[in-house]
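For reference, the structure is listed below as structure tokens.
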Amino acid sequence: MIGRLPLTLAAALAAGLGASCSVVELRIDHDLDLARCDGFEHGEASLGEVLTALGPPVEFGARGGEIALLYESVRLKESQLGLSLGAVLGAGAGDYFKFSYGRSGTDRKAALFLFDEDHVLETVNTLRFEEPFGRSGSVQMIVTVDEVVSMGGLRASPDAFVDGRELLRGIQWSQNSTHSALVELRGARNRMGQHALDPGWSWGDGTPD
Amino acid sequence: MRHLLTLALAAAVSVGPGCIRNSARRGIEPVWMELDPASFVVGTTTRADVLDRVGVPSQVLALEDGTALYYLLERSRADGLILLLYNQRVESSYFDRAIFFFDDSGVLTEFAVSEGAGAR
């Protein structure tokens, strides 16, 4: 009975203040099995074996006769706490808006395979990172369930969907686009590496912040 | 106390619950998912065969010693629940892909299709 009292009080307080919580989850592609990726022998496994075992890659590139395959999967979860502004500012327009504070964490997996000119595996590198992705606050309609922490960079369109469009942009963009055999992880920023000359800050797919 | 909690929850749920569901597809018709992967034979199937059976690819990549065709369809779906006190939205994107590598003569050297191909 004693244990129920704080819970009930918390629920009543939350309802009274118009507080609520939201969970926003983003999943991109099927879960990548990194143990399977690490199981290929360098200098022995062929491009065909890797493709047969793992399926088509997320991205691929070629330089001369060498080939790079990139596999990647993303899980991102954001937890929000919302507070009705009507409860804080008084009844009126504030009733329809809430202040949201969100915190998100990510679980990303990636594997990069490099093959030599004979299409034999030179190297494979895997990467997993589970860490906080960011935190942020916003004011939004009380009935919406939108992310507060920007996930835009992870939603980058696959190259196949922007094929050709890159050629219509500034010369810095088109020359450094991923179509020039560049393979990169989702969310890679510009103004670095092959994108060093890109004008302005943006996510890797050219979407402005 | 139990009644109070039940009442509070019932009130929250009855005031304005809602749900969201949307889905989208981007890319090309996944013809390759309907074909048996065994029907593509390394060393025999040609680029013309693949283009004829699977259609126009999403991307063509010129290699030093051949070409690669890449086919892609993105399927995304979002499901949401709005209960005021607790809200949830899960958005998932999955891809049906196929990739074919050909040598200088246009003969298939390696290929892969997404899991589930041929079963549809």
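Within each chain, counting starts at residue 1; across the structure tokens, chains are named A, B, ... in the order shown, with ligands numbered 1 upward in that order.
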
Name all residues at most 7 Å from region 39-51 of chain B (count only C-alpha atoms; drop same-chain ones fewer than 2 positions away) and give them as number ranges by chain. B: 36-37, 53-56, 102, 106-110

May I ask you to extract the residues of chain A within 6 Å of chain B, using only C-alpha atoms, and to give them as a PyMOL selection string? chain A and resi 8+20-29+48+51-52+55-56+64-65+160

Near Ser138 (chain A), within 10 Å and counting only C-alpha atoms, which residues show up once chain neighbours fewer than 5 positions away are dropped, as a PyMOL selection string? chain A and resi 82+98-102+146-149

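For the pair CA of Gln140 (chain A) and CA of Thr106 (chain A), the interatomic distance is 23.2 Å.
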
Members of chain B assigned alpha helix (DSSP H) by DSSP, as a ChimeraX atom specification: /B:2-15,47-54

For the residues in that selection, give me C-alpha atoms as a PDB file, in the first residue's frame.
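Result file follows (part.pdb):
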```pdb
ATOM      1  CA  ARG B   2      -6.037   1.859  -6.886  1.00  0.00           C
ATOM      2  CA  HIS B   3      -9.308   3.394  -8.064  1.00  0.00           C
ATOM      3  CA  LEU B   4      -7.685   6.823  -8.324  1.00  0.00           C
ATOM      4  CA  LEU B   5      -4.897   5.449 -10.460  1.00  0.00           C
ATOM      5  CA  THR B   6      -7.334   3.530 -12.640  1.00  0.00           C
ATOM      6  CA  LEU B   7      -9.489   6.621 -13.027  1.00  0.00           C
ATOM      7  CA  ALA B   8      -6.487   8.794 -13.939  1.00  0.00           C
ATOM      8  CA  LEU B   9      -5.334   6.299 -16.550  1.00  0.00           C
ATOM      9  CA  ALA B  10      -8.846   5.798 -17.924  1.00  0.00           C
ATOM     10  CA  ALA B  11      -9.303   9.565 -18.201  1.00  0.00           C
ATOM     11  CA  ALA B  12      -5.992   9.995 -19.980  1.00  0.00           C
ATOM     12  CA  VAL B  13      -6.760   7.191 -22.395  1.00  0.00           C
ATOM     13  CA  SER B  14     -10.307   8.297 -23.112  1.00  0.00           C
ATOM     14  CA  VAL B  15      -9.574  12.002 -23.621  1.00  0.00           C
ATOM     15  CA  ARG B  47      24.188  -8.231 -68.799  1.00  0.00           C
ATOM     16  CA  ALA B  48      21.551  -8.160 -71.525  1.00  0.00           C
ATOM     17  CA  ASP B  49      19.716 -11.063 -69.823  1.00  0.00           C
ATOM     18  CA  VAL B  50      19.671  -9.244 -66.492  1.00  0.00           C
ATOM     19  CA  LEU B  51      18.525  -5.961 -68.027  1.00  0.00           C
ATOM     20  CA  ASP B  52      15.842  -7.790 -69.943  1.00  0.00           C
ATOM     21  CA  ARG B  53      14.526  -9.691 -66.909  1.00  0.00           C
ATOM     22  CA  VAL B  54      15.049  -7.224 -64.060  1.00  0.00           C
TER      23      VAL B  54
END
```

Suppose you want the space between CA of Leu185 (chain A) and CA of Arg21 (chain B); what is it in Å?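 Separation between CA of Leu185 (chain A) and CA of Arg21 (chain B): 28.8 Å.
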
Mind giving me the straight-line distance from CA of Asn22 (chain B) to CA of Asp31 (chain A) in Å, one decimal? 22.0 Å

Could you list, as a PyMOL selection string, every residue within 9 Å of Asp33 (chain A), counting only C-alpha atoms and ignoring same-chain residues fewer than 4 positions away? chain A and resi 37+54+109

Can you list, as a short mmCIF file (atom, residue, chain, number, x, y, z; two decimals) with all heavy atoms, in the first residue's frame, every residue of chain B that DSSP puts in strand (DSSP E)?
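Saved the output as states09.cif:
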```cif
data_model
loop_
_atom_site.label_atom_id
_atom_site.label_comp_id
_atom_site.auth_asym_id
_atom_site.auth_seq_id
_atom_site.Cartn_x
_atom_site.Cartn_y
_atom_site.Cartn_z
N GLY B 18 -4.99 8.21 -29.98
CA GLY B 18 -4.92 8.19 -31.45
C GLY B 18 -3.82 7.26 -31.89
O GLY B 18 -3.02 6.80 -31.08
N CYS B 19 -3.84 6.96 -33.14
CA CYS B 19 -2.76 6.14 -33.66
C CYS B 19 -2.36 6.65 -35.05
O CYS B 19 -3.14 7.32 -35.71
CB CYS B 19 -3.14 4.67 -33.71
SG CYS B 19 -4.59 4.34 -34.71
N ILE B 20 -1.14 6.35 -35.42
CA ILE B 20 -0.59 6.81 -36.69
C ILE B 20 -0.04 5.58 -37.42
O ILE B 20 0.59 4.74 -36.80
CB ILE B 20 0.61 7.76 -36.47
CG1 ILE B 20 0.25 8.89 -35.51
CG2 ILE B 20 1.12 8.30 -37.80
CD1 ILE B 20 1.48 9.58 -34.94
N ARG B 21 -0.28 5.50 -38.68
CA ARG B 21 0.39 4.46 -39.47
C ARG B 21 0.58 5.02 -40.86
O ARG B 21 -0.35 5.49 -41.48
CB ARG B 21 -0.43 3.19 -39.52
CG ARG B 21 0.13 2.21 -40.56
CD ARG B 21 -0.46 0.84 -40.45
NE ARG B 21 0.12 0.12 -39.32
CZ ARG B 21 -0.07 -1.18 -39.10
NH1 ARG B 21 -0.86 -1.86 -39.91
NH2 ARG B 21 0.48 -1.78 -38.08
N ASN B 22 1.79 5.01 -41.32
CA ASN B 22 2.01 5.37 -42.72
C ASN B 22 3.13 4.53 -43.30
O ASN B 22 3.96 3.99 -42.58
CB ASN B 22 2.28 6.88 -42.88
CG ASN B 22 3.52 7.33 -42.16
OD1 ASN B 22 4.58 6.75 -42.35
ND2 ASN B 22 3.40 8.36 -41.34
N SER B 23 3.10 4.40 -44.59
CA SER B 23 4.15 3.62 -45.24
C SER B 23 4.50 4.29 -46.56
O SER B 23 3.69 5.05 -47.11
CB SER B 23 3.69 2.18 -45.48
OG SER B 23 2.55 2.18 -46.31
N ALA B 24 5.70 4.04 -47.03
CA ALA B 24 6.15 4.65 -48.28
C ALA B 24 7.11 3.71 -48.98
O ALA B 24 7.76 2.87 -48.34
CB ALA B 24 6.82 5.99 -47.98
N ARG B 25 7.19 3.85 -50.27
CA ARG B 25 8.14 3.07 -51.07
C ARG B 25 8.89 4.03 -51.98
O ARG B 25 8.28 4.91 -52.58
CB ARG B 25 7.39 2.04 -51.94
CG ARG B 25 6.83 0.87 -51.17
CD ARG B 25 5.70 0.22 -51.94
NE ARG B 25 6.14 -0.39 -53.18
CZ ARG B 25 6.35 -1.69 -53.33
NH1 ARG B 25 6.20 -2.50 -52.32
NH2 ARG B 25 6.72 -2.19 -54.49
N ARG B 26 10.19 3.87 -52.03
CA ARG B 26 11.01 4.69 -52.93
C ARG B 26 11.93 3.77 -53.69
O ARG B 26 12.60 2.92 -53.11
CB ARG B 26 11.86 5.70 -52.14
CG ARG B 26 11.08 6.87 -51.60
CD ARG B 26 11.99 8.03 -51.30
NE ARG B 26 13.08 7.67 -50.40
CZ ARG B 26 14.16 8.41 -50.23
NH1 ARG B 26 14.32 9.52 -50.91
NH2 ARG B 26 15.09 8.05 -49.38
N GLY B 27 12.01 3.96 -54.98
CA GLY B 27 12.90 3.13 -55.77
C GLY B 27 12.18 2.52 -56.94
O GLY B 27 11.19 3.08 -57.43
N GLN B 59 21.29 2.12 -60.40
CA GLN B 59 22.63 2.68 -60.63
C GLN B 59 23.42 1.76 -61.55
O GLN B 59 23.27 0.53 -61.50
CB GLN B 59 23.41 2.76 -59.32
CG GLN B 59 23.28 4.08 -58.60
CD GLN B 59 24.18 4.14 -57.38
OE1 GLN B 59 24.54 3.12 -56.80
NE2 GLN B 59 24.56 5.33 -57.00
N VAL B 60 24.28 2.36 -62.34
CA VAL B 60 25.23 1.59 -63.14
C VAL B 60 26.62 2.09 -62.75
O VAL B 60 26.84 3.30 -62.70
CB VAL B 60 25.03 1.84 -64.65
CG1 VAL B 60 26.05 1.05 -65.46
CG2 VAL B 60 23.62 1.47 -65.07
N LEU B 61 27.50 1.18 -62.41
CA LEU B 61 28.85 1.59 -62.03
C LEU B 61 29.85 1.03 -63.04
O LEU B 61 29.84 -0.16 -63.32
CB LEU B 61 29.18 1.07 -60.63
CG LEU B 61 30.49 1.60 -60.04
CD1 LEU B 61 30.36 3.06 -59.65
CD2 LEU B 61 30.90 0.79 -58.82
N ALA B 62 30.67 1.93 -63.57
CA ALA B 62 31.69 1.49 -64.52
C ALA B 62 32.92 1.05 -63.74
O ALA B 62 33.47 1.82 -62.94
CB ALA B 62 32.05 2.64 -65.45
N LEU B 63 33.33 -0.19 -63.92
CA LEU B 63 34.52 -0.72 -63.26
C LEU B 63 35.66 -0.75 -64.28
O LEU B 63 35.42 -0.61 -65.49
CB LEU B 63 34.25 -2.12 -62.72
CG LEU B 63 33.01 -2.29 -61.84
CD1 LEU B 63 32.80 -3.75 -61.50
CD2 LEU B 63 33.17 -1.46 -60.58
N GLY B 66 34.86 -4.05 -66.21
CA GLY B 66 33.47 -4.46 -66.40
C GLY B 66 32.49 -3.43 -65.89
O GLY B 66 32.82 -2.24 -65.76
N THR B 67 31.30 -3.89 -65.56
CA THR B 67 30.28 -2.99 -65.04
C THR B 67 29.53 -3.66 -63.89
O THR B 67 29.60 -4.88 -63.71
CB THR B 67 29.21 -2.63 -66.12
OG1 THR B 67 28.77 -3.85 -66.72
CG2 THR B 67 29.75 -1.70 -67.17
N ALA B 68 28.82 -2.85 -63.12
CA ALA B 68 27.97 -3.37 -62.05
C ALA B 68 26.61 -2.70 -62.16
O ALA B 68 26.53 -1.50 -62.45
CB ALA B 68 28.60 -3.10 -60.70
N LEU B 69 25.57 -3.47 -61.96
CA LEU B 69 24.20 -2.93 -61.94
C LEU B 69 23.68 -3.07 -60.50
O LEU B 69 23.83 -4.12 -59.89
CB LEU B 69 23.28 -3.71 -62.89
CG LEU B 69 23.72 -3.83 -64.35
CD1 LEU B 69 22.67 -4.62 -65.15
CD2 LEU B 69 23.92 -2.46 -64.98
N TYR B 70 23.07 -2.00 -60.01
CA TYR B 70 22.58 -1.98 -58.63
C TYR B 70 21.10 -1.62 -58.65
O TYR B 70 20.71 -0.62 -59.25
CB TYR B 70 23.38 -0.94 -57.84
CG TYR B 70 23.17 -0.94 -56.35
CD1 TYR B 70 23.43 -2.06 -55.59
CD2 TYR B 70 22.74 0.21 -55.69
CE1 TYR B 70 23.26 -2.05 -54.21
CE2 TYR B 70 22.57 0.24 -54.31
CZ TYR B 70 22.84 -0.89 -53.57
OH TYR B 70 22.67 -0.88 -52.21
N TYR B 71 20.30 -2.47 -58.02
CA TYR B 71 18.85 -2.25 -57.96
C TYR B 71 18.44 -2.01 -56.51
O TYR B 71 18.93 -2.70 -55.61
CB TYR B 71 18.09 -3.48 -58.49
CG TYR B 71 18.32 -3.75 -59.96
CD1 TYR B 71 19.43 -4.46 -60.40
CD2 TYR B 71 17.42 -3.29 -60.91
CE1 TYR B 71 19.63 -4.71 -61.74
CE2 TYR B 71 17.61 -3.54 -62.26
CZ TYR B 71 18.72 -4.25 -62.67
OH TYR B 71 18.91 -4.50 -64.00
N LEU B 72 17.53 -1.06 -56.30
CA LEU B 72 17.20 -0.69 -54.92
C LEU B 72 15.74 -0.25 -54.77
O LEU B 72 15.23 0.53 -55.57
CB LEU B 72 18.11 0.46 -54.49
CG LEU B 72 17.95 1.01 -53.08
CD1 LEU B 72 18.33 -0.04 -52.05
CD2 LEU B 72 18.81 2.25 -52.90
N LEU B 73 15.10 -0.78 -53.74
CA LEU B 73 13.77 -0.30 -53.35
C LEU B 73 13.78 -0.11 -51.84
O LEU B 73 14.17 -1.00 -51.09
CB LEU B 73 12.68 -1.32 -53.71
CG LEU B 73 11.29 -0.95 -53.15
CD1 LEU B 73 10.67 0.19 -53.93
CD2 LEU B 73 10.35 -2.15 -53.16
N GLU B 74 13.35 1.07 -51.38
CA GLU B 74 13.26 1.33 -49.95
C GLU B 74 11.80 1.25 -49.52
O GLU B 74 10.93 1.85 -50.14
CB GLU B 74 13.80 2.73 -49.61
CG GLU B 74 13.64 3.07 -48.14
CD GLU B 74 14.10 4.48 -47.80
OE1 GLU B 74 14.45 5.24 -48.72
OE2 GLU B 74 14.08 4.83 -46.60
N ARG B 75 11.56 0.46 -48.48
CA ARG B 75 10.22 0.38 -47.91
C ARG B 75 10.28 0.93 -46.50
O ARG B 75 11.07 0.45 -45.69
CB ARG B 75 9.72 -1.06 -47.88
CG ARG B 75 9.50 -1.66 -49.25
CD ARG B 75 9.10 -3.12 -49.19
NE ARG B 75 10.23 -3.97 -48.85
CZ ARG B 75 10.30 -4.69 -47.76
NH1 ARG B 75 9.34 -4.69 -46.88
NH2 ARG B 75 11.36 -5.43 -47.51
N SER B 76 9.51 1.97 -46.22
CA SER B 76 9.54 2.51 -44.86
C SER B 76 8.12 2.48 -44.28
O SER B 76 7.13 2.57 -45.01
CB SER B 76 10.09 3.93 -44.85
OG SER B 76 9.33 4.76 -45.67
N ARG B 77 8.08 2.34 -42.99
CA ARG B 77 6.79 2.26 -42.32
C ARG B 77 6.91 2.90 -40.94
O ARG B 77 7.92 2.74 -40.25
CB ARG B 77 6.41 0.78 -42.19
CG ARG B 77 5.15 0.54 -41.41
CD ARG B 77 4.81 -0.92 -41.44
NE ARG B 77 3.89 -1.23 -40.36
CZ ARG B 77 3.28 -2.39 -40.23
NH1 ARG B 77 3.48 -3.34 -41.09
NH2 ARG B 77 2.47 -2.60 -39.24
N ALA B 78 5.89 3.64 -40.56
CA ALA B 78 5.88 4.26 -39.24
C ALA B 78 4.58 3.91 -38.53
O ALA B 78 3.50 4.00 -39.11
CB ALA B 78 6.01 5.76 -39.37
N ASP B 79 4.70 3.46 -37.30
CA ASP B 79 3.54 3.16 -36.47
C ASP B 79 3.61 4.01 -35.21
O ASP B 79 4.68 4.09 -34.58
CB ASP B 79 3.52 1.67 -36.07
CG ASP B 79 3.34 0.77 -37.27
OD1 ASP B 79 2.38 1.01 -38.03
OD2 ASP B 79 4.16 -0.13 -37.47
N GLY B 80 2.51 4.62 -34.86
CA GLY B 80 2.53 5.48 -33.68
C GLY B 80 1.30 5.29 -32.82
O GLY B 80 0.25 4.86 -33.29
N LEU B 81 1.47 5.60 -31.56
CA LEU B 81 0.39 5.47 -30.59
C LEU B 81 0.39 6.74 -29.74
O LEU B 81 1.44 7.12 -29.21
CB LEU B 81 0.67 4.24 -29.72
CG LEU B 81 -0.42 3.74 -28.79
CD1 LEU B 81 -1.62 3.27 -29.62
CD2 LEU B 81 0.12 2.59 -27.95
N ILE B 82 -0.76 7.38 -29.64
CA ILE B 82 -0.83 8.60 -28.83
C ILE B 82 -1.85 8.38 -27.72
O ILE B 82 -3.05 8.23 -27.97
CB ILE B 82 -1.25 9.81 -29.69
CG1 ILE B 82 -0.21 10.06 -30.78
CG2 ILE B 82 -1.42 11.05 -28.83
CD1 ILE B 82 -0.61 11.13 -31.76
N TYR B 86 1.41 8.71 -22.49
CA TYR B 86 2.51 7.96 -23.10
C TYR B 86 2.28 7.91 -24.61
O TYR B 86 1.18 7.57 -25.07
CB TYR B 86 2.58 6.54 -22.54
CG TYR B 86 3.64 5.71 -23.22
CD1 TYR B 86 4.98 5.87 -22.90
CD2 TYR B 86 3.31 4.79 -24.22
CE1 TYR B 86 5.96 5.14 -23.55
CE2 TYR B 86 4.28 4.05 -24.86
CZ TYR B 86 5.61 4.23 -24.52
OH TYR B 86 6.58 3.51 -25.17
N ASN B 87 3.29 8.29 -25.37
CA ASN B 87 3.19 8.28 -26.83
C ASN B 87 4.40 7.54 -27.39
O ASN B 87 5.48 7.57 -26.82
CB ASN B 87 3.19 9.72 -27.36
CG ASN B 87 2.22 10.59 -26.59
OD1 ASN B 87 1.03 10.34 -26.58
ND2 ASN B 87 2.76 11.58 -25.90
N GLN B 88 4.16 6.91 -28.53
CA GLN B 88 5.25 6.13 -29.10
C GLN B 88 5.18 6.17 -30.62
O GLN B 88 4.10 6.18 -31.20
CB GLN B 88 5.12 4.67 -28.63
CG GLN B 88 6.25 3.80 -29.15
CD GLN B 88 6.16 2.38 -28.61
OE1 GLN B 88 5.33 2.08 -27.78
NE2 GLN B 88 7.01 1.52 -29.11
N ARG B 89 6.34 6.24 -31.26
CA ARG B 89 6.39 6.13 -32.72
C ARG B 89 7.61 5.32 -33.11
O ARG B 89 8.71 5.58 -32.63
CB ARG B 89 6.47 7.51 -33.38
CG ARG B 89 6.19 7.42 -34.89
CD ARG B 89 6.41 8.72 -35.59
NE ARG B 89 7.81 8.98 -35.81
CZ ARG B 89 8.32 10.18 -36.04
NH1 ARG B 89 7.54 11.22 -36.04
NH2 ARG B 89 9.60 10.34 -36.25
N VAL B 90 7.39 4.33 -33.92
CA VAL B 90 8.50 3.50 -34.41
C VAL B 90 8.53 3.59 -35.93
O VAL B 90 7.53 3.33 -36.59
CB VAL B 90 8.34 2.02 -33.99
CG1 VAL B 90 9.48 1.18 -34.54
CG2 VAL B 90 8.28 1.91 -32.47
N GLU B 91 9.66 4.02 -36.45
CA GLU B 91 9.79 4.18 -37.89
C GLU B 91 10.88 3.23 -38.38
O GLU B 91 11.99 3.23 -37.85
CB GLU B 91 10.18 5.63 -38.19
CG GLU B 91 10.17 5.98 -39.65
CD GLU B 91 10.52 7.45 -39.88
OE1 GLU B 91 10.25 8.27 -38.97
OE2 GLU B 91 11.08 7.75 -40.94
N SER B 92 10.54 2.43 -39.36
CA SER B 92 11.51 1.44 -39.86
C SER B 92 11.67 1.58 -41.36
O SER B 92 10.69 1.79 -42.08
CB SER B 92 11.04 0.02 -39.56
OG SER B 92 10.71 -0.11 -38.20
N SER B 93 12.89 1.47 -41.82
CA SER B 93 13.18 1.48 -43.26
C SER B 93 13.93 0.21 -43.61
O SER B 93 14.95 -0.11 -42.98
CB SER B 93 14.05 2.68 -43.64
OG SER B 93 13.33 3.86 -43.53
N TYR B 94 13.43 -0.51 -44.59
CA TYR B 94 14.11 -1.72 -45.05
C TYR B 94 14.31 -1.63 -46.55
O TYR B 94 13.56 -0.93 -47.24
CB TYR B 94 13.29 -2.96 -44.69
CG TYR B 94 13.15 -3.13 -43.21
CD1 TYR B 94 11.95 -2.89 -42.57
CD2 TYR B 94 14.24 -3.50 -42.44
CE1 TYR B 94 11.82 -3.01 -41.19
CE2 TYR B 94 14.13 -3.63 -41.06
CZ TYR B 94 12.93 -3.39 -40.45
OH TYR B 94 12.82 -3.50 -39.09
N PHE B 95 15.30 -2.32 -47.03
CA PHE B 95 15.67 -2.20 -48.44
C PHE B 95 15.68 -3.56 -49.13
O PHE B 95 16.20 -4.53 -48.58
CB PHE B 95 17.06 -1.57 -48.57
CG PHE B 95 17.14 -0.17 -48.02
CD1 PHE B 95 17.36 0.05 -46.67
CD2 PHE B 95 16.99 0.93 -48.85
CE1 PHE B 95 17.42 1.33 -46.15
CE2 PHE B 95 17.05 2.21 -48.35
CZ PHE B 95 17.27 2.42 -46.99
N ASP B 96 15.11 -3.59 -50.31
CA ASP B 96 15.26 -4.75 -51.19
C ASP B 96 16.33 -4.35 -52.21
O ASP B 96 16.17 -3.35 -52.91
CB ASP B 96 13.96 -5.08 -51.92
CG ASP B 96 12.92 -5.66 -50.98
OD1 ASP B 96 13.33 -6.30 -49.99
OD2 ASP B 96 11.72 -5.48 -51.21
N ARG B 97 17.41 -5.15 -52.27
CA ARG B 97 18.52 -4.78 -53.14
C ARG B 97 18.92 -5.95 -54.03
O ARG B 97 18.66 -7.11 -53.70
CB ARG B 97 19.75 -4.39 -52.33
CG ARG B 97 19.58 -3.26 -51.36
CD ARG B 97 20.92 -2.96 -50.68
NE ARG B 97 20.84 -1.82 -49.78
CZ ARG B 97 20.61 -1.90 -48.48
NH1 ARG B 97 20.45 -3.08 -47.92
NH2 ARG B 97 20.55 -0.82 -47.73
N ALA B 98 19.57 -5.60 -55.11
CA ALA B 98 20.20 -6.61 -55.96
C ALA B 98 21.42 -5.96 -56.59
O ALA B 98 21.39 -4.77 -56.93
CB ALA B 98 19.25 -7.10 -57.03
N ILE B 99 22.50 -6.72 -56.69
CA ILE B 99 23.70 -6.19 -57.32
C ILE B 99 24.28 -7.27 -58.23
O ILE B 99 24.33 -8.45 -57.87
CB ILE B 99 24.72 -5.71 -56.26
CG1 ILE B 99 25.87 -4.97 -56.93
CG2 ILE B 99 25.23 -6.84 -55.41
CD1 ILE B 99 26.76 -4.21 -55.94
N PHE B 100 24.67 -6.85 -59.43
CA PHE B 100 25.21 -7.79 -60.42
C PHE B 100 26.53 -7.22 -60.96
O PHE B 100 26.58 -6.06 -61.37
CB PHE B 100 24.23 -7.97 -61.60
CG PHE B 100 22.89 -8.52 -61.19
CD1 PHE B 100 21.86 -7.66 -60.82
CD2 PHE B 100 22.65 -9.89 -61.18
CE1 PHE B 100 20.62 -8.15 -60.44
CE2 PHE B 100 21.41 -10.39 -60.80
CZ PHE B 100 20.38 -9.52 -60.43
N PHE B 101 27.57 -8.04 -60.97
CA PHE B 101 28.86 -7.63 -61.54
C PHE B 101 29.08 -8.39 -62.85
O PHE B 101 28.84 -9.59 -62.92
CB PHE B 101 30.01 -7.95 -60.58
CG PHE B 101 30.04 -7.07 -59.35
CD1 PHE B 101 29.34 -7.44 -58.21
CD2 PHE B 101 30.75 -5.89 -59.33
CE1 PHE B 101 29.36 -6.64 -57.07
CE2 PHE B 101 30.77 -5.08 -58.20
CZ PHE B 101 30.07 -5.46 -57.07
N PHE B 102 29.57 -7.67 -63.85
CA PHE B 102 29.84 -8.28 -65.15
C PHE B 102 31.28 -7.99 -65.57
O PHE B 102 31.84 -6.93 -65.23
CB PHE B 102 28.89 -7.71 -66.21
CG PHE B 102 27.44 -7.90 -65.88
CD1 PHE B 102 26.74 -6.92 -65.18
CD2 PHE B 102 26.78 -9.07 -66.23
CE1 PHE B 102 25.41 -7.09 -64.84
CE2 PHE B 102 25.44 -9.25 -65.90
CZ PHE B 102 24.76 -8.26 -65.21
N ASP B 103 31.84 -8.91 -66.35
CA ASP B 103 33.20 -8.68 -66.84
C ASP B 103 33.15 -7.85 -68.13
O ASP B 103 32.09 -7.39 -68.54
CB ASP B 103 33.94 -10.01 -67.05
CG ASP B 103 33.27 -10.90 -68.10
OD1 ASP B 103 32.44 -10.37 -68.88
OD2 ASP B 103 33.58 -12.11 -68.14
N LEU B 108 28.10 -12.39 -66.39
CA LEU B 108 27.95 -12.27 -64.93
C LEU B 108 29.12 -12.92 -64.20
O LEU B 108 29.45 -14.08 -64.46
CB LEU B 108 26.63 -12.94 -64.52
CG LEU B 108 26.20 -12.81 -63.07
CD1 LEU B 108 25.89 -11.34 -62.72
CD2 LEU B 108 24.95 -13.65 -62.79
N THR B 109 29.76 -12.17 -63.29
CA THR B 109 30.87 -12.73 -62.52
C THR B 109 30.48 -12.94 -61.04
O THR B 109 30.90 -13.91 -60.42
CB THR B 109 32.10 -11.80 -62.57
OG1 THR B 109 31.72 -10.49 -62.13
CG2 THR B 109 32.66 -11.71 -63.98
N GLU B 110 29.73 -12.02 -60.47
CA GLU B 110 29.25 -12.17 -59.10
C GLU B 110 27.90 -11.46 -59.00
O GLU B 110 27.65 -10.51 -59.74
CB GLU B 110 30.20 -11.49 -58.08
CG GLU B 110 31.56 -12.12 -57.92
CD GLU B 110 32.64 -11.32 -58.64
OE1 GLU B 110 32.29 -10.33 -59.32
OE2 GLU B 110 33.82 -11.70 -58.53
N PHE B 111 27.08 -11.89 -58.06
CA PHE B 111 25.80 -11.20 -57.85
C PHE B 111 25.25 -11.52 -56.47
O PHE B 111 25.70 -12.48 -55.81
CB PHE B 111 24.78 -11.57 -58.94
CG PHE B 111 24.13 -12.91 -58.73
CD1 PHE B 111 22.85 -13.00 -58.15
CD2 PHE B 111 24.76 -14.08 -59.10
CE1 PHE B 111 22.25 -14.23 -57.95
CE2 PHE B 111 24.16 -15.32 -58.90
CZ PHE B 111 22.90 -15.39 -58.33
N ALA B 112 24.31 -10.72 -56.03
CA ALA B 112 23.61 -10.98 -54.76
C ALA B 112 22.26 -10.30 -54.81
O ALA B 112 22.11 -9.24 -55.41
CB ALA B 112 24.42 -10.45 -53.59
N VAL B 113 21.27 -10.95 -54.19
CA VAL B 113 19.94 -10.35 -54.05
C VAL B 113 19.55 -10.42 -52.58
O VAL B 113 20.04 -11.27 -51.85
CB VAL B 113 18.89 -11.07 -54.92
CG1 VAL B 113 19.14 -10.84 -56.40
CG2 VAL B 113 18.88 -12.56 -54.63
#
```

I want to know what sits within 8 Å of Ala111 (chain A), based on only C-alpha atoms, with residues of the same chain fewer than 6 positions away left out; could you give that as a ChimeraX atom specification? /A:34,37,70-72,124-127

Those same residues - N, CA and C atoms - I'd like them written as a short mmCIF file (atom, residue, chain, number, x, y, z; two decimals), in the first residue's frame.
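Everything below was put into part05.cif:
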```
data_model
loop_
_atom_site.label_atom_id
_atom_site.label_comp_id
_atom_site.auth_asym_id
_atom_site.auth_seq_id
_atom_site.Cartn_x
_atom_site.Cartn_y
_atom_site.Cartn_z
N LEU A 34 27.73 -8.70 -37.08
CA LEU A 34 29.16 -8.37 -37.21
C LEU A 34 30.05 -9.61 -37.06
N CYS A 37 30.47 -11.03 -40.31
CA CYS A 37 31.34 -10.19 -41.16
C CYS A 37 32.81 -10.47 -40.86
N LEU A 70 30.14 -1.62 -48.38
CA LEU A 70 29.81 -1.12 -47.05
C LEU A 70 28.46 -1.67 -46.62
N TYR A 71 28.43 -2.30 -45.45
CA TYR A 71 27.18 -2.77 -44.85
C TYR A 71 26.95 -1.96 -43.57
N GLU A 72 25.70 -1.62 -43.31
CA GLU A 72 25.44 -0.75 -42.16
C GLU A 72 24.01 -0.95 -41.66
N VAL A 124 38.77 -6.58 -43.97
CA VAL A 124 37.41 -6.26 -43.52
C VAL A 124 37.51 -5.62 -42.15
N ASN A 125 36.80 -4.54 -41.97
CA ASN A 125 36.79 -3.85 -40.68
C ASN A 125 35.36 -3.67 -40.23
N THR A 126 35.13 -3.99 -38.96
CA THR A 126 33.77 -3.81 -38.43
C THR A 126 33.78 -2.75 -37.34
N LEU A 127 32.63 -2.19 -37.14
CA LEU A 127 32.52 -1.09 -36.18
C LEU A 127 31.16 -1.17 -35.51
#
```

From the set A:His30, A:His119, A:Glu184, A:Gly137, which residue has the shortest atom-to-atom contact distance to Phe60 (chain A), counting only C-alpha atoms?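 The closest residue to Phe60 (chain A) is A:Glu184.
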